[in-house]
>>> print(open('structure28.txt').read())   # compact mmCIF, C-alpha atoms
# COMPACT_ATOMS: atom_id res chain seq x y z
CA MET A 3 132.35 91.86 99.85
CA ALA A 4 128.84 92.43 101.35
CA THR A 5 126.78 91.86 98.20
CA ILE A 6 123.10 91.09 98.45
CA ARG A 7 120.61 90.16 95.75
CA ALA A 8 117.42 92.24 95.92
CA ALA A 9 114.16 92.28 93.94
CA ILE A 10 111.17 94.52 93.33
CA THR A 11 107.95 93.80 91.47
CA GLN A 12 105.64 95.69 89.14
CA VAL A 13 102.29 94.00 88.64
CA ALA A 14 98.93 94.96 87.15
CA TRP A 15 95.77 94.57 89.26
CA THR A 16 94.43 91.09 88.60
CA GLY A 17 90.86 91.98 89.55
CA GLY A 18 90.79 90.08 92.83
CA LYS A 19 92.63 90.03 96.15
CA GLU A 20 93.27 86.29 96.22
CA SER A 21 94.63 86.23 92.67
CA MET A 22 96.81 89.26 93.43
CA ILE A 23 98.24 87.56 96.50
CA ALA A 24 98.79 84.31 94.61
CA ARG A 25 100.63 86.15 91.85
CA HIS A 26 102.97 87.76 94.35
CA GLU A 27 103.58 84.40 95.99
CA GLU A 28 104.66 83.11 92.58
CA LEU A 29 106.97 86.08 92.09
CA ALA A 30 108.50 85.60 95.54
CA ARG A 31 109.23 81.97 94.71
CA GLU A 32 110.73 83.01 91.38
CA ALA A 33 112.93 85.56 93.11
CA ALA A 34 114.06 83.09 95.76
CA ALA A 35 114.92 80.52 93.08
CA ALA A 36 117.18 83.17 91.51
CA GLY A 37 119.04 83.63 94.79
CA THR A 38 117.26 86.77 95.95
CA GLN A 39 117.56 87.62 99.66
CA VAL A 40 115.08 90.52 99.91
CA ILE A 41 112.01 91.46 97.87
CA GLY A 42 109.75 94.52 97.93
CA PHE A 43 106.20 94.59 96.54
CA GLN A 44 104.43 97.65 95.11
CA GLU A 45 102.21 100.06 97.06
CA LEU A 46 99.00 98.41 98.38
CA PHE A 47 100.14 95.29 96.57
CA ASN A 48 97.22 92.98 97.42
CA GLY A 49 94.44 95.23 96.13
CA PRO A 50 93.48 97.88 93.60
CA TYR A 51 94.78 101.44 93.96
CA PHE A 52 91.49 102.76 95.35
CA GLY A 53 92.85 106.31 95.78
CA ALA A 54 91.53 106.83 92.25
CA VAL A 55 88.08 107.47 93.79
CA GLN A 56 86.52 108.42 97.12
CA ASP A 57 84.28 105.52 98.05
CA GLN A 58 83.67 104.13 101.53
CA LYS A 59 83.36 100.59 100.20
CA TYR A 60 87.17 100.43 99.95
CA TYR A 61 87.45 100.84 103.70
CA ALA A 62 86.63 97.13 103.68
CA CYS A 63 90.10 96.48 102.18
CA VAL A 64 91.74 97.13 105.56
CA GLU A 65 93.35 94.42 107.66
CA PRO A 66 95.49 94.41 110.79
CA VAL A 67 99.26 94.01 110.81
CA PRO A 68 99.89 91.26 111.61
CA GLY A 69 96.81 89.96 109.86
CA PRO A 70 95.77 87.48 107.15
CA THR A 71 97.98 88.73 104.31
CA VAL A 72 101.08 89.50 106.36
CA GLU A 73 100.84 86.21 108.27
CA ARG A 74 100.48 84.28 105.01
CA PHE A 75 103.66 85.86 103.69
CA GLN A 76 105.45 85.32 107.01
CA VAL A 77 105.05 81.59 106.41
CA LEU A 78 106.33 81.95 102.85
CA ALA A 79 109.27 84.13 103.94
CA ALA A 80 110.38 81.46 106.39
CA GLU A 81 110.00 78.74 103.76
CA LEU A 82 112.05 80.65 101.19
CA GLY A 83 114.51 82.38 103.55
CA LEU A 84 113.46 85.68 101.98
CA VAL A 85 113.10 89.13 103.57
CA MET A 86 109.84 90.76 102.41
CA ILE A 87 108.45 94.30 102.29
CA LEU A 88 104.66 94.04 102.20
CA PRO A 89 102.69 97.27 101.55
CA VAL A 90 99.09 96.89 102.76
CA TYR A 91 96.07 98.91 103.94
CA GLU A 92 96.31 98.70 107.73
CA VAL A 93 93.60 99.10 110.35
CA ALA A 94 94.94 100.06 113.77
CA ASN A 95 91.53 100.79 115.32
CA GLU A 96 88.00 101.28 114.04
CA GLY A 97 88.19 104.10 111.50
CA GLU A 98 91.96 104.52 111.99
CA TYR A 99 93.62 103.42 108.75
CA TYR A 100 97.17 103.70 107.41
CA ASN A 101 99.11 103.14 104.21
CA THR A 102 101.59 100.71 105.71
CA ALA A 103 104.50 98.46 104.76
CA ALA A 104 105.19 95.47 106.98
CA VAL A 105 108.78 94.21 107.06
CA VAL A 106 109.22 90.46 107.48
CA ASP A 107 112.62 88.87 108.09
CA ALA A 108 113.97 85.75 106.36
CA ASP A 109 112.90 83.57 109.29
CA GLY A 110 109.30 84.76 109.00
CA SER A 111 109.39 87.09 111.98
CA LEU A 112 107.56 90.41 111.70
CA LEU A 113 110.19 93.06 112.42
CA GLY A 114 107.77 95.98 112.35
CA ARG A 115 106.09 98.40 109.99
CA TYR A 116 106.43 101.77 108.33
CA ARG A 117 103.38 104.02 107.94
CA LYS A 118 103.35 106.50 105.07
CA HIS A 119 103.79 110.02 106.44
CA HIS A 120 102.92 112.31 103.54
CA ILE A 121 99.36 111.81 102.31
CA PRO A 122 98.32 113.42 98.99
CA HIS A 123 94.84 114.64 98.15
CA LEU A 124 94.79 115.30 94.43
CA PRO A 125 92.68 114.17 91.47
CA ALA A 126 93.08 110.37 91.12
CA PHE A 127 95.06 110.31 94.39
CA TRP A 128 92.41 110.99 97.05
CA GLU A 129 94.42 109.41 99.83
CA LYS A 130 93.34 111.65 102.71
CA PHE A 131 89.93 110.01 102.31
CA TYR A 132 91.55 106.67 103.25
CA PHE A 133 94.66 107.21 105.37
CA ARG A 134 95.88 108.96 108.49
CA PRO A 135 99.47 110.29 108.32
CA GLY A 136 102.08 107.90 109.61
CA ASN A 137 103.07 108.11 113.27
CA LEU A 138 105.85 105.55 113.69
CA GLY A 139 108.79 107.66 112.57
CA TYR A 140 111.34 106.45 110.02
CA PRO A 141 112.43 103.04 111.28
CA VAL A 142 115.27 101.02 109.82
CA PHE A 143 115.04 97.26 110.25
CA ASP A 144 118.04 95.00 110.82
CA THR A 145 117.19 92.15 108.43
CA ALA A 146 119.03 89.09 107.19
CA ALA A 147 119.74 91.07 104.00
CA GLY A 148 121.01 94.24 105.69
CA ARG A 149 119.52 97.38 107.20
CA VAL A 150 116.28 98.15 105.36
CA GLY A 151 114.04 101.22 105.41
CA VAL A 152 110.79 102.10 103.63
CA TYR A 153 109.43 105.35 102.19
CA ILE A 154 106.09 105.09 100.34
CA CYS A 155 105.18 106.79 97.03
CA TYR A 156 104.28 110.47 97.71
CA ASP A 157 106.78 110.44 100.57
CA ARG A 158 109.54 110.57 97.98
CA HIS A 159 108.85 114.26 97.28
CA PHE A 160 109.98 115.17 100.80
CA PRO A 161 113.76 115.06 101.34
CA GLU A 162 113.54 115.21 105.12
CA GLY A 163 112.38 111.60 105.44
CA TRP A 164 115.09 110.32 103.12
CA ARG A 165 117.66 111.94 105.41
CA GLU A 166 116.01 110.52 108.53
CA LEU A 167 116.40 107.03 107.03
CA GLY A 168 120.06 107.72 106.34
CA LEU A 169 120.65 108.98 109.86
CA ASN A 170 118.92 105.84 111.12
CA ASN A 171 121.60 103.82 109.28
CA ALA A 172 119.67 102.45 106.29
CA GLN A 173 121.61 100.59 103.62
CA LEU A 174 118.65 99.96 101.29
CA VAL A 175 115.40 101.95 101.16
CA PHE A 176 112.35 100.60 99.33
CA ASN A 177 109.97 103.13 97.77
CA PRO A 178 106.82 101.23 96.69
CA SER A 179 104.66 103.48 94.56
CA ALA A 180 101.56 104.04 92.45
CA ALA A 181 102.50 106.81 89.99
CA LYS A 182 100.74 107.94 86.81
CA PRO A 183 101.95 109.97 83.81
CA GLY A 184 101.94 113.74 84.04
CA LEU A 185 103.73 115.83 86.62
CA SER A 186 105.42 112.82 88.17
CA ASN A 187 107.30 111.43 85.15
CA ARG A 188 110.34 113.66 85.36
CA LEU A 189 110.40 113.46 89.14
CA TRP A 190 110.31 109.65 88.94
CA GLU A 191 113.49 109.79 86.85
CA ILE A 192 115.42 112.10 89.18
CA GLU A 193 114.08 112.01 92.73
CA GLN A 194 115.17 108.56 93.87
CA PRO A 195 118.63 108.82 92.25
CA ALA A 196 119.05 112.25 93.87
CA ALA A 197 117.91 110.90 97.24
CA ALA A 198 120.27 107.93 96.96
CA ALA A 199 123.20 110.22 96.17
CA ALA A 200 122.35 112.82 98.81
CA ASN A 201 121.90 110.21 101.53
CA GLN A 202 124.34 107.61 100.21
CA TYR A 203 122.45 104.35 100.30
CA PHE A 204 120.70 102.11 97.75
CA VAL A 205 117.11 102.86 96.72
CA ALA A 206 114.64 100.36 95.24
CA ALA A 207 111.79 102.21 93.48
CA ASN A 208 108.89 100.23 92.09
CA ASN A 209 105.65 101.33 90.51
CA ARG A 210 102.41 99.61 89.57
CA ILE A 211 101.55 99.03 85.90
CA GLY A 212 98.37 99.15 83.86
CA GLN A 213 95.04 100.93 84.22
CA GLU A 214 92.43 99.52 86.59
CA ILE A 215 89.48 100.34 84.34
CA GLY A 216 87.50 97.29 85.43
CA GLU A 217 87.55 98.65 88.97
CA PHE A 218 87.30 102.41 88.45
CA GLY A 219 86.38 103.05 84.82
CA ALA A 220 87.76 106.14 83.11
CA GLU A 221 88.84 107.63 86.45
CA ALA A 222 91.53 104.99 86.87
CA PRO A 223 95.11 106.30 86.70
CA HIS A 224 97.39 104.66 84.14
CA PHE A 225 100.47 103.49 86.04
CA TYR A 226 103.76 103.49 84.15
CA GLY A 227 105.99 100.92 85.85
CA SER A 228 109.62 101.89 85.11
CA SER A 229 110.85 100.31 88.34
CA TYR A 230 114.55 100.46 89.15
CA PHE A 231 117.40 100.29 91.65
CA VAL A 232 119.95 103.06 92.16
CA ASP A 233 123.25 102.98 94.04
CA PRO A 234 124.67 105.43 96.61
CA ARG A 235 126.18 107.54 93.81
CA GLY A 236 122.75 107.93 92.20
CA ARG A 237 123.52 105.57 89.30
CA PHE A 238 121.03 103.05 87.96
CA VAL A 239 121.89 99.47 88.84
CA GLY A 240 121.11 97.68 85.59
CA ASP A 241 118.27 98.71 83.31
CA VAL A 242 115.04 100.46 84.22
CA ALA A 243 112.01 98.17 83.87
CA SER A 244 109.42 98.60 81.14
CA ALA A 245 106.49 100.99 81.39
CA ASP A 246 103.78 98.43 80.70
CA LYS A 247 104.90 94.86 81.37
CA GLU A 248 104.78 92.78 84.53
CA GLU A 249 108.33 92.31 85.73
CA ILE A 250 110.41 91.22 88.65
CA VAL A 251 113.57 93.33 88.76
CA ILE A 252 116.50 91.51 90.41
CA ARG A 253 119.82 93.22 91.06
CA ASP A 254 123.03 92.55 92.99
CA LEU A 255 123.87 95.38 95.40
CA ASP A 256 127.37 95.81 96.84
CA LEU A 257 126.69 97.24 100.28
CA ASP A 258 130.39 98.03 100.75
CA GLU A 259 129.85 100.79 98.17
CA ILE A 260 128.04 102.76 100.87
CA THR A 261 131.23 103.10 102.91
CA ARG A 262 133.32 103.93 99.85
CA VAL A 263 130.91 106.67 98.79
CA ARG A 264 130.65 108.13 102.28
CA ASN A 265 134.44 108.23 102.51
CA ASP A 266 134.62 110.04 99.16
CA TRP A 267 131.79 112.45 99.97
CA GLN A 268 131.67 113.29 103.67
CA PHE A 269 128.08 114.50 103.74
CA TYR A 270 127.42 113.01 107.16
CA ARG A 271 130.53 114.67 108.56
CA ASP A 272 129.81 118.06 107.01
CA ARG A 273 126.06 118.35 107.62
CA ARG A 274 125.11 121.18 110.00
CA PRO A 275 122.07 120.19 112.09
CA ASP A 276 122.89 123.03 114.49
CA SER A 277 122.13 125.53 111.71
CA TYR A 278 118.88 124.06 110.37
CA GLN A 279 115.79 125.73 111.76
CA ARG A 280 113.09 126.23 109.13
CA THR A 281 113.10 122.56 108.05
CA VAL A 282 111.60 121.50 111.36
CA THR A 283 109.37 124.52 111.94
CA ALA A 284 105.65 124.03 111.39
>>> encode(input="structure28.txt", output="structure tokens")
Amino acid sequence: MATIRAAITQVAWTGGKESMIARHEELAREAAAAGTQVIGFQELFNGPYFGAVQDQKYYACVEPVPGPTVERFQVLAAELGLVMILPVYEVANEGEYYNTAAVVDADGSLLGRYRKHHIPHLPAFWEKFYFRPGNLGYPVFDTAAGRVGVYICYDRHFPEGWRELGLNNAQLVFNPSAAKPGLSNRLWEIEQPAAAAANQYFVAANNRIGQEIGEFGAEAPHFYGSSYFVDPRGRFVGDVASADKEEIVIRDLDLDEITRVRNDWQFYRDRRPDSYQRTVTA
């Protein structure tokens, strides 16, 4: 039985970077005390969701990977024996910024990073002002808790990346997000379960909560939480989290279910890459 215990968080912006980091350190300790082996934080976890506005002052939120936040959590990961997915605002070069998730193993080593590929530019989600599209592919990291991939927020609307992660042998894909009510509600309910079933792995989908009015005023999106895990058959693992409360969602995931599902539904045998043309045509 290859069962792991995994966690995701949904947290409201505390109003400051240090307090936000400290709160996530507390949640990581809480998760580790409950026997968790891997934890994923929400999109841009150590700051506000500045995509609500277009303001150059938020360029100052960038940091390298590895850098101060990631290195701080590397120390904590080693202390707790906990794999961590850390979504941050990465600077790769002057003026070259990415929406990135660093993946840290249970011994504190930095395994690598995923950079968000699909960048929205919509009211309250002005991300092209802040981020370049990802350029590191769809890596899957061999962690102490299994083979882990990452797909960030708006990425989830694009099935091609989900499949790339499956072909790269992911067992668990984290989808840290910042989603507000409106068009996304119904998609939030169906997209990750559909992706998990189509690609036959576990998905951990977490969303921010609250409205960052103190930071952005009336322009601030109101995030609706509702974080959850789904299994390779597209079924929820336990309950969906609340829409408005800070929570740490902890679930046991039977990784052997991936093999059972793939034996029942031979999607990887029956796929026809030789016939697909338009999906990879610009």
>>> closest_residue(input="structure28.txt", among="A:Gly168, A:Pro161, A:Gly53, A:Pro70", to="His123 in chain A", atoms="only C-alpha atoms")
A:Gly53
>>> closest_residue(input="structure28.txt", among="A:Pro125, A:Gly184, A:Gly236, A:Gly83", to="Gln202 in chain A", atoms="all atoms listed in the file")
A:Gly236
>>> closest_residue(input="structure28.txt", among="A:Arg25, A:Gln194, A:Ala180, A:Asn170", to="Tyr270 in chain A", atoms="all atoms listed in the file")
A:Asn170
>>> residues_around(input="structure28.txt", residues="range 77-80 of chain A", least_positions_apart="5", cutoff="7 Å", atoms="only C-alpha atoms", output="ChimeraX atom specification")
/A:85-86,108-110
>>> atom_distance(input="structure28.txt", atom1="CA of Phe204 in chain A", atom2="CA of Leu46 in chain A")
22.0 Å
>>> closest_residue(input="structure28.txt", among="A:Thr281, A:Thr11, A:Ser111, A:Ser21", to="Phe231 in chain A", atoms="all atoms listed in the file")
A:Thr11
>>> closest_residue(input="structure28.txt", among="A:Asp246, A:Asp272, A:Asp157, A:Glu28", to="Phe225 in chain A", atoms="all atoms listed in the file")
A:Asp246
>>> closest_residue(input="structure28.txt", among="A:Asn187, A:Ser277, A:Gln44, A:Thr5", to="Asp256 in chain A", atoms="all atoms listed in the file")
A:Thr5
>>> residues_around(input="structure28.txt", residues="range 57-68 of chain A", least_positions_apart="6", cutoff="7 Å", atoms="all atoms listed in the file", output="PyMOL selection string")
chain A and resi 91-94
>>> write_last_selection(input="structure28.txt", atoms="C-alpha atoms", output="mmCIF file, in the frame of the given file")
data_model
loop_
_atom_site.group_PDB
_atom_site.id
_atom_site.type_symbol
_atom_site.label_atom_id
_atom_site.label_comp_id
_atom_site.auth_asym_id
_atom_site.auth_seq_id
_atom_site.Cartn_x
_atom_site.Cartn_y
_atom_site.Cartn_z
ATOM 1 C CA TYR A 91 96.070 98.910 103.940
ATOM 2 C CA GLU A 92 96.310 98.700 107.730
ATOM 3 C CA VAL A 93 93.600 99.100 110.350
ATOM 4 C CA ALA A 94 94.940 100.060 113.770
#
>>> decode(input="structure28.txt", residues="range 69-88 of chain A", atoms="N, CA, C and O atoms", output="PDB file, in the first residue's frame")
ATOM      1  N   GLY A  69      16.098  31.806  -2.879  1.00  0.00           N
ATOM      2  CA  GLY A  69      16.184  33.155  -2.340  1.00  0.00           C
ATOM      3  C   GLY A  69      15.681  33.133  -0.909  1.00  0.00           C
ATOM      4  O   GLY A  69      15.480  32.060  -0.333  1.00  0.00           O
ATOM      5  N   PRO A  70      15.448  34.293  -0.314  1.00  0.00           N
ATOM      6  CA  PRO A  70      15.135  34.351   1.126  1.00  0.00           C
ATOM      7  C   PRO A  70      13.971  33.470   1.565  1.00  0.00           C
ATOM      8  O   PRO A  70      14.096  32.725   2.541  1.00  0.00           O
ATOM      9  N   THR A  71      12.840  33.533   0.865  1.00  0.00           N
ATOM     10  CA  THR A  71      11.681  32.749   1.297  1.00  0.00           C
ATOM     11  C   THR A  71      11.910  31.264   1.089  1.00  0.00           C
ATOM     12  O   THR A  71      11.677  30.449   1.995  1.00  0.00           O
ATOM     13  N   VAL A  72      12.354  30.886  -0.092  1.00  0.00           N
ATOM     14  CA  VAL A  72      12.552  29.465  -0.383  1.00  0.00           C
ATOM     15  C   VAL A  72      13.607  28.880   0.549  1.00  0.00           C
ATOM     16  O   VAL A  72      13.427  27.775   1.099  1.00  0.00           O
ATOM     17  N   GLU A  73      14.691  29.581   0.770  1.00  0.00           N
ATOM     18  CA  GLU A  73      15.745  29.067   1.650  1.00  0.00           C
ATOM     19  C   GLU A  73      15.251  28.908   3.079  1.00  0.00           C
ATOM     20  O   GLU A  73      15.618  27.951   3.780  1.00  0.00           O
ATOM     21  N   ARG A  74      14.421  29.837   3.524  1.00  0.00           N
ATOM     22  CA  ARG A  74      13.845  29.733   4.875  1.00  0.00           C
ATOM     23  C   ARG A  74      13.003  28.469   5.005  1.00  0.00           C
ATOM     24  O   ARG A  74      13.088  27.749   6.017  1.00  0.00           O
ATOM     25  N   PHE A  75      12.230  28.169   3.973  1.00  0.00           N
ATOM     26  CA  PHE A  75      11.387  26.980   4.033  1.00  0.00           C
ATOM     27  C   PHE A  75      12.186  25.699   3.746  1.00  0.00           C
ATOM     28  O   PHE A  75      11.763  24.612   4.151  1.00  0.00           O
ATOM     29  N   GLN A  76      13.320  25.811   3.085  1.00  0.00           N
ATOM     30  CA  GLN A  76      14.194  24.642   2.946  1.00  0.00           C
ATOM     31  C   GLN A  76      14.657  24.165   4.323  1.00  0.00           C
ATOM     32  O   GLN A  76      14.698  22.954   4.596  1.00  0.00           O
ATOM     33  N   VAL A  77      15.018  25.105   5.172  1.00  0.00           N
ATOM     34  CA  VAL A  77      15.434  24.757   6.535  1.00  0.00           C
ATOM     35  C   VAL A  77      14.290  24.091   7.279  1.00  0.00           C
ATOM     36  O   VAL A  77      14.461  23.064   7.957  1.00  0.00           O
ATOM     37  N   LEU A  78      13.084  24.650   7.146  1.00  0.00           N
ATOM     38  CA  LEU A  78      11.925  24.091   7.837  1.00  0.00           C
ATOM     39  C   LEU A  78      11.565  22.719   7.280  1.00  0.00           C
ATOM     40  O   LEU A  78      11.211  21.801   8.039  1.00  0.00           O
ATOM     41  N   ALA A  79      11.647  22.550   5.972  1.00  0.00           N
ATOM     42  CA  ALA A  79      11.342  21.258   5.357  1.00  0.00           C
ATOM     43  C   ALA A  79      12.253  20.172   5.903  1.00  0.00           C
ATOM     44  O   ALA A  79      11.807  19.054   6.218  1.00  0.00           O
ATOM     45  N   ALA A  80      13.537  20.481   6.032  1.00  0.00           N
ATOM     46  CA  ALA A  80      14.488  19.506   6.566  1.00  0.00           C
ATOM     47  C   ALA A  80      14.195  19.195   8.025  1.00  0.00           C
ATOM     48  O   ALA A  80      14.281  18.042   8.464  1.00  0.00           O
ATOM     49  N   GLU A  81      13.831  20.228   8.782  1.00  0.00           N
ATOM     50  CA  GLU A  81      13.491  20.020  10.195  1.00  0.00           C
ATOM     51  C   GLU A  81      12.284  19.111  10.355  1.00  0.00           C
ATOM     52  O   GLU A  81      12.260  18.215  11.211  1.00  0.00           O
ATOM     53  N   LEU A  82      11.267  19.326   9.521  1.00  0.00           N
ATOM     54  CA  LEU A  82      10.004  18.602   9.657  1.00  0.00           C
ATOM     55  C   LEU A  82       9.945  17.324   8.828  1.00  0.00           C
ATOM     56  O   LEU A  82       9.025  16.525   9.006  1.00  0.00           O
ATOM     57  N   GLY A  83      10.897  17.134   7.901  1.00  0.00           N
ATOM     58  CA  GLY A  83      10.822  15.986   6.991  1.00  0.00           C
ATOM     59  C   GLY A  83       9.622  16.090   6.080  1.00  0.00           C
ATOM     60  O   GLY A  83       8.917  15.102   5.832  1.00  0.00           O
ATOM     61  N   LEU A  84       9.384  17.294   5.538  1.00  0.00           N
ATOM     62  CA  LEU A  84       8.159  17.602   4.811  1.00  0.00           C
ATOM     63  C   LEU A  84       8.482  18.150   3.423  1.00  0.00           C
ATOM     64  O   LEU A  84       9.220  19.129   3.294  1.00  0.00           O
ATOM     65  N   VAL A  85       7.931  17.526   2.388  1.00  0.00           N
ATOM     66  CA  VAL A  85       8.042  18.051   1.026  1.00  0.00           C
ATOM     67  C   VAL A  85       7.162  19.290   0.925  1.00  0.00           C
ATOM     68  O   VAL A  85       6.032  19.302   1.438  1.00  0.00           O
ATOM     69  N   MET A  86       7.654  20.341   0.257  1.00  0.00           N
ATOM     70  CA  MET A  86       6.907  21.599   0.178  1.00  0.00           C
ATOM     71  C   MET A  86       6.844  22.127  -1.243  1.00  0.00           C
ATOM     72  O   MET A  86       7.843  22.100  -1.968  1.00  0.00           O
ATOM     73  N   ILE A  87       5.660  22.636  -1.613  1.00  0.00           N
ATOM     74  CA  ILE A  87       5.459  23.343  -2.877  1.00  0.00           C
ATOM     75  C   ILE A  87       5.234  24.805  -2.519  1.00  0.00           C
ATOM     76  O   ILE A  87       4.262  25.151  -1.828  1.00  0.00           O
ATOM     77  N   LEU A  88       6.134  25.672  -2.992  1.00  0.00           N
ATOM     78  CA  LEU A  88       6.205  27.060  -2.544  1.00  0.00           C
ATOM     79  C   LEU A  88       6.009  28.016  -3.723  1.00  0.00           C
ATOM     80  O   LEU A  88       6.960  28.349  -4.432  1.00  0.00           O
TER      81      LEU A  88
END
